[in-house]
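Undergrad: Could you have a look at this structure, given as structure tokens, before my questions?
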Amino acid sequence: MSAVSDRLPTFPWDKLEPYKKTAAAHPDGIVDLSVGTPVDPVPELIQKALIDAADSPGYPTVWGTPALRDAITGWVERRLGARGVTHRHVLPIVGSKELVAWLPTQLGLGPGDRVAYPRLAYPTYEVGARLARAGYEVYDPETFAAGAAGTELDPRGLKLLWLNSPSNPTGRVLSKQELTRIVAWAREHGVLVFSDECYLELGWEAEPVSVLHPDVNGGSYDGLVAVHSLSKRSNLAGYRAAFLAGDPAVLAPLLEIRKHGGMMTSAPTQAAVVAALGDDEHVRVQRERYAARRAALRTALEGHGFRIEHSEASLYLWATRDESCWSTVAHLAERGVLVAPGDFYGEAGARHVRVAFTATDERVRAAVERLA
């Protein structure tokens, strides 16, 4: 076991514990804006679907029920603008994090293969490469898409290219033109693209676009897979509900591997996902909650001397005071506010912090008052 765990970096959130204790000592309690976990209720229609399916004594299938596959294909076409999506183009997964962590292993990557991911990114992209003993490297999607000198990726041995738009942590949205250029480059060099689009329905100052949109992929899903989650848009982080959509030639072998591994979404969760994907109203309501919290926190942070960069989408504000991110974390912790240091997401984040606006309205108000 140690041979496997020794491949992994220190779990980043453990480093935040001393600052969490400082913030928790505030007389009015901690305002935790670090992790970004949903706090609002699961919509009633989704809870009802889960409860109605609670009597599920048999094993669920990895591929999901026909109703689930219908719901996913319908949503992908309706919301993402994809065309010609069939059951072969979709695959349920047990939350998106397990997919990110185990994808390189399930693709058969190993020593001599390489995985590339954005220079500011969710740490699990690197973890997935490490678990597979594959090499890994970072790139800047914006400058890479623009073809800027010195930003080239060496395609030799590069087997998997991660995209993440809207970005976690920065909230940056790649334009349709940028996505199109990256997809074209990957296809030219035979590199598989997985696009993490878990925040796609949370655009504020930009309209995120999927790699499944025909304007990006030219009407072909070859070499492309999009990753989507219901954790944020439907408050289902506790349900572990997500799915893949894209190239059937990639999804078919993943399905077989996941059958052998028993990586199946529970039957009640499958029913809940059907309800969630069939209803847009609860997403609109949740977006309004987040929009109000985002506006309040942004105003408070800027009034406190922060500069907000990117942040045109997702559930975070990418903020800086032009100092070490850990100095900023300590400064806010003394005021009872906990945020995530930017270097959790790469060296390029060393002078930024990620501020989530997933706290309750009451806790957001408390943070605003403290920053004032």
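Chain identifiers are assigned as A, B, and so on, following the order in which chains appear in the structure tokens; residues are numbered from 1 within each chain, and ligands are numbered from 1 in order of appearance.
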Compile the contact shell of Leu315 in chain A as JSON, numbers by chain: residues with an atom at most 10 Å away, counting only C-alpha atoms, same-chain residues fewer than 4 positions apart removed.

TA: {"A": [36, 37, 38, 166, 167, 168, 169, 170, 171, 199, 202, 203, 204, 232, 287, 290, 291, 293, 294, 311, 354, 355, 356, 357, 358]}

Undergrad: Residues within 12 Å of Leu33 in chain A, please, as a PyMOL selection string. Count only C-alpha atoms; anything in the same chain fewer than 6 positions from it doesn't count.

TA: chain A and resi 20+23+39+293-294+297+315-317+329+332-333+336-341+353-360+363-364+366-368

Undergrad: Out of A:His310, A:Arg156, A:His189, A:Arg298, which residue has the shortest atom-to-atom distance to Ala206 in chain A when counting only C-alpha atoms?

TA: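 When distances to Ala206 in chain A are compared using only C-alpha atoms, the smallest one comes from A:His310.
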
Undergrad: I want to know what sits within 8 Å of Ser175 in chain A, based on only C-alpha atoms, with residues of the same chain fewer than 3 positions away left out; could you give that as a ChimeraX atom specification?

TA: /A:178-179,208-209

Undergrad: Based on DSSP run over this structure's backbone, return all residues of range 164-227 of chain A in alpha helix (DSSP H), as a ChimeraX atom specification.

TA: /A:176-188,214-217

Undergrad: For N, CA, C and O atoms, I'd like the residues from the last selection saved as a PDB file, in the first residue's frame.

TA:
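What ended up in out.pdb:
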```pdb
ATOM      1  N   LYS A 176     -15.034  29.921 -27.716  1.00  0.00           N
ATOM      2  CA  LYS A 176     -15.293  28.917 -28.743  1.00  0.00           C
ATOM      3  C   LYS A 176     -14.090  28.784 -29.674  1.00  0.00           C
ATOM      4  O   LYS A 176     -13.711  27.668 -30.077  1.00  0.00           O
ATOM      5  N   GLN A 177     -13.466  29.916 -30.003  1.00  0.00           N
ATOM      6  CA  GLN A 177     -12.309  29.894 -30.893  1.00  0.00           C
ATOM      7  C   GLN A 177     -11.121  29.187 -30.236  1.00  0.00           C
ATOM      8  O   GLN A 177     -10.403  28.396 -30.884  1.00  0.00           O
ATOM      9  N   GLU A 178     -10.891  29.454 -28.942  1.00  0.00           N
ATOM     10  CA  GLU A 178      -9.782  28.802 -28.238  1.00  0.00           C
ATOM     11  C   GLU A 178     -10.004  27.299 -28.159  1.00  0.00           C
ATOM     12  O   GLU A 178      -9.075  26.502 -28.394  1.00  0.00           O
ATOM     13  N   LEU A 179     -11.218  26.890 -27.830  1.00  0.00           N
ATOM     14  CA  LEU A 179     -11.521  25.461 -27.768  1.00  0.00           C
ATOM     15  C   LEU A 179     -11.332  24.808 -29.125  1.00  0.00           C
ATOM     16  O   LEU A 179     -10.775  23.699 -29.232  1.00  0.00           O
ATOM     17  N   THR A 180     -11.782  25.473 -30.179  1.00  0.00           N
ATOM     18  CA  THR A 180     -11.669  24.922 -31.529  1.00  0.00           C
ATOM     19  C   THR A 180     -10.211  24.692 -31.907  1.00  0.00           C
ATOM     20  O   THR A 180      -9.864  23.646 -32.480  1.00  0.00           O
ATOM     21  N   ARG A 181      -9.342  25.648 -31.583  1.00  0.00           N
ATOM     22  CA  ARG A 181      -7.919  25.515 -31.919  1.00  0.00           C
ATOM     23  C   ARG A 181      -7.274  24.364 -31.144  1.00  0.00           C
ATOM     24  O   ARG A 181      -6.471  23.598 -31.689  1.00  0.00           O
ATOM     25  N   ILE A 182      -7.606  24.242 -29.862  1.00  0.00           N
ATOM     26  CA  ILE A 182      -7.008  23.169 -29.056  1.00  0.00           C
ATOM     27  C   ILE A 182      -7.485  21.807 -29.547  1.00  0.00           C
ATOM     28  O   ILE A 182      -6.689  20.859 -29.663  1.00  0.00           O
ATOM     29  N   VAL A 183      -8.776  21.681 -29.853  1.00  0.00           N
ATOM     30  CA  VAL A 183      -9.317  20.418 -30.359  1.00  0.00           C
ATOM     31  C   VAL A 183      -8.651  20.051 -31.677  1.00  0.00           C
ATOM     32  O   VAL A 183      -8.279  18.890 -31.906  1.00  0.00           O
ATOM     33  N   ALA A 184      -8.483  21.018 -32.557  1.00  0.00           N
ATOM     34  CA  ALA A 184      -7.843  20.744 -33.852  1.00  0.00           C
ATOM     35  C   ALA A 184      -6.412  20.270 -33.667  1.00  0.00           C
ATOM     36  O   ALA A 184      -5.963  19.328 -34.339  1.00  0.00           O
ATOM     37  N   TRP A 185      -5.673  20.927 -32.751  1.00  0.00           N
ATOM     38  CA  TRP A 185      -4.288  20.511 -32.495  1.00  0.00           C
ATOM     39  C   TRP A 185      -4.247  19.078 -31.952  1.00  0.00           C
ATOM     40  O   TRP A 185      -3.428  18.262 -32.390  1.00  0.00           O
ATOM     41  N   ALA A 186      -5.121  18.774 -30.995  1.00  0.00           N
ATOM     42  CA  ALA A 186      -5.129  17.445 -30.388  1.00  0.00           C
ATOM     43  C   ALA A 186      -5.441  16.374 -31.435  1.00  0.00           C
ATOM     44  O   ALA A 186      -4.821  15.298 -31.454  1.00  0.00           O
ATOM     45  N   ARG A 187      -6.397  16.643 -32.295  1.00  0.00           N
ATOM     46  CA  ARG A 187      -6.734  15.668 -33.336  1.00  0.00           C
ATOM     47  C   ARG A 187      -5.585  15.492 -34.318  1.00  0.00           C
ATOM     48  O   ARG A 187      -5.305  14.379 -34.768  1.00  0.00           O
ATOM     49  N   GLU A 188      -4.939  16.580 -34.648  1.00  0.00           N
ATOM     50  CA  GLU A 188      -3.807  16.498 -35.590  1.00  0.00           C
ATOM     51  C   GLU A 188      -2.714  15.577 -35.058  1.00  0.00           C
ATOM     52  O   GLU A 188      -2.063  14.852 -35.825  1.00  0.00           O
ATOM     53  N   PRO A 214     -21.095  21.600 -31.959  1.00  0.00           N
ATOM     54  CA  PRO A 214     -20.596  21.390 -33.325  1.00  0.00           C
ATOM     55  C   PRO A 214     -19.704  22.505 -33.835  1.00  0.00           C
ATOM     56  O   PRO A 214     -18.840  22.262 -34.694  1.00  0.00           O
ATOM     57  N   ASP A 215     -19.862  23.728 -33.334  1.00  0.00           N
ATOM     58  CA  ASP A 215     -18.982  24.807 -33.762  1.00  0.00           C
ATOM     59  C   ASP A 215     -17.553  24.598 -33.278  1.00  0.00           C
ATOM     60  O   ASP A 215     -16.610  25.171 -33.855  1.00  0.00           O
ATOM     61  N   VAL A 216     -17.383  23.785 -32.240  1.00  0.00           N
ATOM     62  CA  VAL A 216     -16.055  23.486 -31.710  1.00  0.00           C
ATOM     63  C   VAL A 216     -15.473  22.243 -32.362  1.00  0.00           C
ATOM     64  O   VAL A 216     -14.297  22.199 -32.740  1.00  0.00           O
ATOM     65  N   ASN A 217     -16.293  21.206 -32.510  1.00  0.00           N
ATOM     66  CA  ASN A 217     -15.768  19.906 -32.963  1.00  0.00           C
ATOM     67  C   ASN A 217     -16.084  19.574 -34.412  1.00  0.00           C
ATOM     68  O   ASN A 217     -15.745  18.478 -34.882  1.00  0.00           O
TER      69      ASN A 217
END
```

Undergrad: If we count only C-alpha atoms and set the cut-off at 7 Å, which residues sit around Trp63 in chain A, ignoring sequence neighbours fewer than 6 positions away in its own chain? Please answer as JSON, numbers by chain.

TA: {"A": [91, 92, 255]}

Undergrad: Atoms to include: all heavy atoms. Write the selected residues as a CSV table (one decimal), in the first residue's frame.

TA:
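Wrote again.csv, looks like this:
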```csv
chain,number,residue,atom,x,y,z
A,91,LEU,N,-22.1,8.0,-20.5
A,91,LEU,CA,-21.8,7.0,-19.5
A,91,LEU,C,-21.9,7.6,-18.1
A,91,LEU,O,-21.2,8.6,-17.8
A,91,LEU,CB,-20.3,6.5,-19.7
A,91,LEU,CG,-19.8,5.5,-18.7
A,91,LEU,CD1,-20.6,4.2,-18.7
A,91,LEU,CD2,-18.3,5.2,-19.0
A,92,PRO,N,-22.7,7.1,-17.2
A,92,PRO,CA,-22.8,7.6,-15.8
A,92,PRO,C,-21.5,7.3,-15.1
A,92,PRO,O,-20.9,6.2,-15.3
A,92,PRO,CB,-24.0,6.9,-15.2
A,92,PRO,CG,-24.7,6.2,-16.4
A,92,PRO,CD,-23.7,6.0,-17.4
A,255,LEU,N,-16.6,1.6,-20.3
A,255,LEU,CA,-17.7,0.9,-19.7
A,255,LEU,C,-17.3,-0.5,-19.3
A,255,LEU,O,-17.7,-1.0,-18.2
A,255,LEU,CB,-18.9,0.9,-20.7
A,255,LEU,CG,-20.1,0.0,-20.4
A,255,LEU,CD1,-20.8,0.5,-19.1
A,255,LEU,CD2,-21.1,0.0,-21.5
```

Undergrad: When you draw a straight line from CA of Gly64 in chain A to CA of Thr86 in chain A, how long is it in Å?

TA: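 Distance between the two atoms: 13.6 Å.
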
Undergrad: Using only C-alpha atoms, which protein or nucleic acid residues come within 8 Å of Glu334 in chain A? Drop anything in the same chain fewer than 4 positions from it, and give the result as a list in words.

TA: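 Result of the neighbour search: Thr22, Ala23, His26 and Ala330 of chain A.
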
Undergrad: Filtering to C-alpha atoms, could you give me those residues as an mmCIF file, in the first residue's frame?

TA:
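Contents of the output file out-v4.cif:
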```
data_model
loop_
_atom_site.group_PDB
_atom_site.id
_atom_site.type_symbol
_atom_site.label_atom_id
_atom_site.label_comp_id
_atom_site.auth_asym_id
_atom_site.auth_seq_id
_atom_site.Cartn_x
_atom_site.Cartn_y
_atom_site.Cartn_z
ATOM 1 C CA THR A 22 -7.613 30.383 13.838
ATOM 2 C CA ALA A 23 -10.757 31.217 11.864
ATOM 3 C CA HIS A 26 -13.594 34.052 15.904
ATOM 4 C CA ALA A 330 -3.553 34.148 7.490
#
```
